Amino acid sequence: MEYRITENYKSNYTDPITLSAGDTVLLGREETEEKWKGWVWAEHKGKSGWIPLQIVEKETDGRGRITKDYTARELDVRKGEKVIVLEKLNGWLWVINMHKQEGWIPAEIASEHKNHLGRISLMVAVSGLVVTETLLRTGIADGPVMQIINTGFEGGTVGGLADWFAVSALFREIPIPYVRRHTNIIVKNRTKISEGVVDLVTNRWLSPEVLKEKLSSMDVSTSLSNYLSDPGNIEKVTDFMRKEVLTRLSQGLDSAELSSFIEKLIKDQTAKLDFAKPLGNWLRKAVNSGSHNELIERMLGSLSKSLNDPEFTKMLDDKVRSMIDDYKTDGILKDVFVTLAERTNIIDRKMIVQTLLAGLNDFIDELRHDRGHPARNKFNEKLIEFADGLVSGDPSSVKLADTLKKKITENAELGNMIRDFLSKTKTSLDEQLLSNDTALMKLVARNIDSAAKEFRSNKESMQRFNTWVMDTAIELIHSHHHKIGEMVRESLSKLDDRALVQQIEEKVGNDLQFIRLNGAVIGFFAGCAIKVIKLLV
């Protein structure tokens, strides 16, 4: 729509804030003045300015995420200048001037420019007819020339009135008997017009063939490569990954559904797993490489600590007492002899327990620090023998492996272990997702940058990407092309008759004024020509 500037305006900001979709801004105060409501002050990368609330998704920390590209660039305009309005937003207009320069201006300094050529031409024709007719009838001016001019104005009046009626009949009802049924054409034929627009858009302007032709000329991979060559855009992609992908992934990590799924998956896969042969191969390699020694030494260390536990000492003492009591019941002489030995401290149970503990500790200590100890060598031989049995399918060895597998799948603590693991993982991940400066996000940024460089240097990958985009787009076009027509039809159906007429009149009303002008002008010359012919004949 064309507007005329009513007063001079000069931009207040020489370096306006410019934002891209996905940017995060620091939000300030919102405009409270009624005519400017809908704007909020924002800061980003050292620049600040007013931005519309319509493009901001507010966050909890006083920040906001931008949903579409935006610039606060204003346009200098002069009084009387004509501009085309491309967007209206919160009391401001985004316009383009005759020099193809674009920017924002206050809506209050511009008014819609309406063309009145049709009305003026009709008034001129009617006035000319009245004047010439008066001059002819009063005899003030007579002769062929005046008659020709009079007839010309008469033809202009008829032509102007006819075209005024034709144009007016498009948009509103003319209350003339019988004729009125053929007026208000747009409203009465809105269904036909709507379907015509739908057909024009879907089958001509945006037909599958037109869309495919347009897509075939696009080099999406090069555009993507150029976009990712800018470090600032790498940061935007990283920020998007952090906020929209990884954060959403983290939110569901500790869910009961996920832990149940993982638990079921582990149990199902473990139950199906051929556990014996892989375990045997792994065990044989571990023993041959000696990598199992550290585990054995840790186990022996734990065993050494258990030996010095008071409960174990008591258990050993009870066992020694039990063995002595059993020995005493084996005969009267043994009973008398052992009882006498106990009373004379020849048999000291506590000393026996301490001696046994000391011997066990010395033995375990030897095993821990001597990897060549005969007992450890013998243990290693048994492990190799067990591993070979697992690999070869020895029934006793396989049965032991199956028992171990069954213990894993039936372990009641497995679910709790998984939930605890997921909870700790979520906590660690959340800490890494606080900003783009954490170790994880720096790694993500490096990987994105590395992948972009590799993609940029691989022409085959770029071509495959273009082909994939083309094939996917064509498939979507075939699957959803009908929705273009549905969207157009739905948009038109939302307009009531008055709004539909108003929008059409706003777009073409000024151009239709030239039809009325043409009717008056052509009628004038046609009238003159007819009068000349009459005079000549």
# chains A, B, ... in the order shown; residues from 1 in each chain; ligands from 1

$ residues_around --residues "Tyr70 in chain A" --least-positions-apart "5" --cutoff "12 Å" --atoms "only C-alpha atoms" --output "ChimeraX atom specification"
/A:16-23,49-56,94,103-104

$ residues_around --residues "Leu117 in chain A" --least-positions-apart "3" --cutoff "12 Å" --atoms "only C-alpha atoms" --output "list in words"
Lys114, Ile120, Ser121, Leu122, Met123, Val124, Gly160, Trp164, Gly509, Asn510, Asp511, Leu512, Gln513, Phe514, Ile515, Arg516, Leu517, Asn518, Gly519, Ala520 and Val521 of chain A

$ atom_distance --atom1 "CA of Ser322 in chain A" --atom2 "CA of Pro310 in chain A"
18.2 Å

$ residues_around --residues "Ile530 in chain A" --least-positions-apart "3" --cutoff "9 Å" --atoms "only C-alpha atoms" --output "list in words"
Ile148, Thr151, Gly152, Phe525, Ala526, Gly527, Ile533, Lys534 and Leu535 of chain A

$ residues_around --residues "Glu30 in chain A" --least-positions-apart "2" --cutoff "7 Å" --atoms "only C-alpha atoms" --output "JSON, numbers by chain"
{"A": [28, 32, 39, 40, 41]}

$ write_last_selection --atoms "all heavy atoms" --output "JSON list (two decimals), in the first residue's frame"
[["chain", "number", "residue", "atom", "x", "y", "z"],
["A", 28, "GLY", "N", 15.52, -5.42, 28.62],
["A", 28, "GLY", "CA", 15.39, -4.30, 29.54],
["A", 28, "GLY", "C", 13.93, -3.95, 29.76],
["A", 28, "GLY", "O", 13.07, -4.81, 29.82],
["A", 32, "THR", "N", 5.85, 1.67, 27.81],
["A", 32, "THR", "CA", 4.54, 1.75, 28.46],
["A", 32, "THR", "C", 3.60, 2.75, 27.80],
["A", 32, "THR", "O", 2.39, 2.71, 28.03],
["A", 32, "THR", "CB", 4.71, 2.14, 29.94],
["A", 32, "THR", "OG1", 5.44, 3.38, 30.03],
["A", 32, "THR", "CG2", 5.48, 1.07, 30.70],
["A", 39, "TRP", "N", 6.99, -2.84, 22.41],
["A", 39, "TRP", "CA", 8.43, -2.78, 22.17],
["A", 39, "TRP", "C", 9.17, -2.97, 23.48],
["A", 39, "TRP", "O", 8.70, -2.56, 24.54],
["A", 39, "TRP", "CB", 8.83, -1.45, 21.54],
["A", 39, "TRP", "CG", 8.23, -1.22, 20.19],
["A", 39, "TRP", "CD1", 7.04, -0.61, 19.93],
["A", 39, "TRP", "CD2", 8.76, -1.63, 18.93],
["A", 39, "TRP", "NE1", 6.80, -0.61, 18.57],
["A", 39, "TRP", "CE2", 7.84, -1.24, 17.94],
["A", 39, "TRP", "CE3", 9.92, -2.31, 18.55],
["A", 39, "TRP", "CZ2", 8.05, -1.48, 16.59],
["A", 39, "TRP", "CZ3", 10.13, -2.56, 17.21],
["A", 39, "TRP", "CH2", 9.21, -2.15, 16.23],
["A", 40, "VAL", "N", 10.34, -3.61, 23.42],
["A", 40, "VAL", "CA", 11.16, -3.85, 24.61],
["A", 40, "VAL", "C", 12.62, -3.53, 24.27],
["A", 40, "VAL", "O", 13.09, -3.78, 23.16],
["A", 40, "VAL", "CB", 11.02, -5.31, 25.10],
["A", 40, "VAL", "CG1", 11.46, -6.30, 24.03],
["A", 40, "VAL", "CG2", 11.80, -5.54, 26.38],
["A", 41, "TRP", "N", 13.34, -2.93, 25.23],
["A", 41, "TRP", "CA", 14.74, -2.58, 25.03],
["A", 41, "TRP", "C", 15.59, -3.84, 25.18],
["A", 41, "TRP", "O", 15.40, -4.62, 26.10],
["A", 41, "TRP", "CB", 15.18, -1.53, 26.03],
["A", 41, "TRP", "CG", 16.52, -0.93, 25.75],
["A", 41, "TRP", "CD1", 17.70, -1.25, 26.34],
["A", 41, "TRP", "CD2", 16.81, 0.08, 24.79],
["A", 41, "TRP", "NE1", 18.72, -0.50, 25.81],
["A", 41, "TRP", "CE2", 18.20, 0.33, 24.86],
["A", 41, "TRP", "CE3", 16.05, 0.81, 23.90],
["A", 41, "TRP", "CZ2", 18.84, 1.28, 24.06],
["A", 41, "TRP", "CZ3", 16.67, 1.74, 23.09],
["A", 41, "TRP", "CH2", 18.04, 1.97, 23.17]]
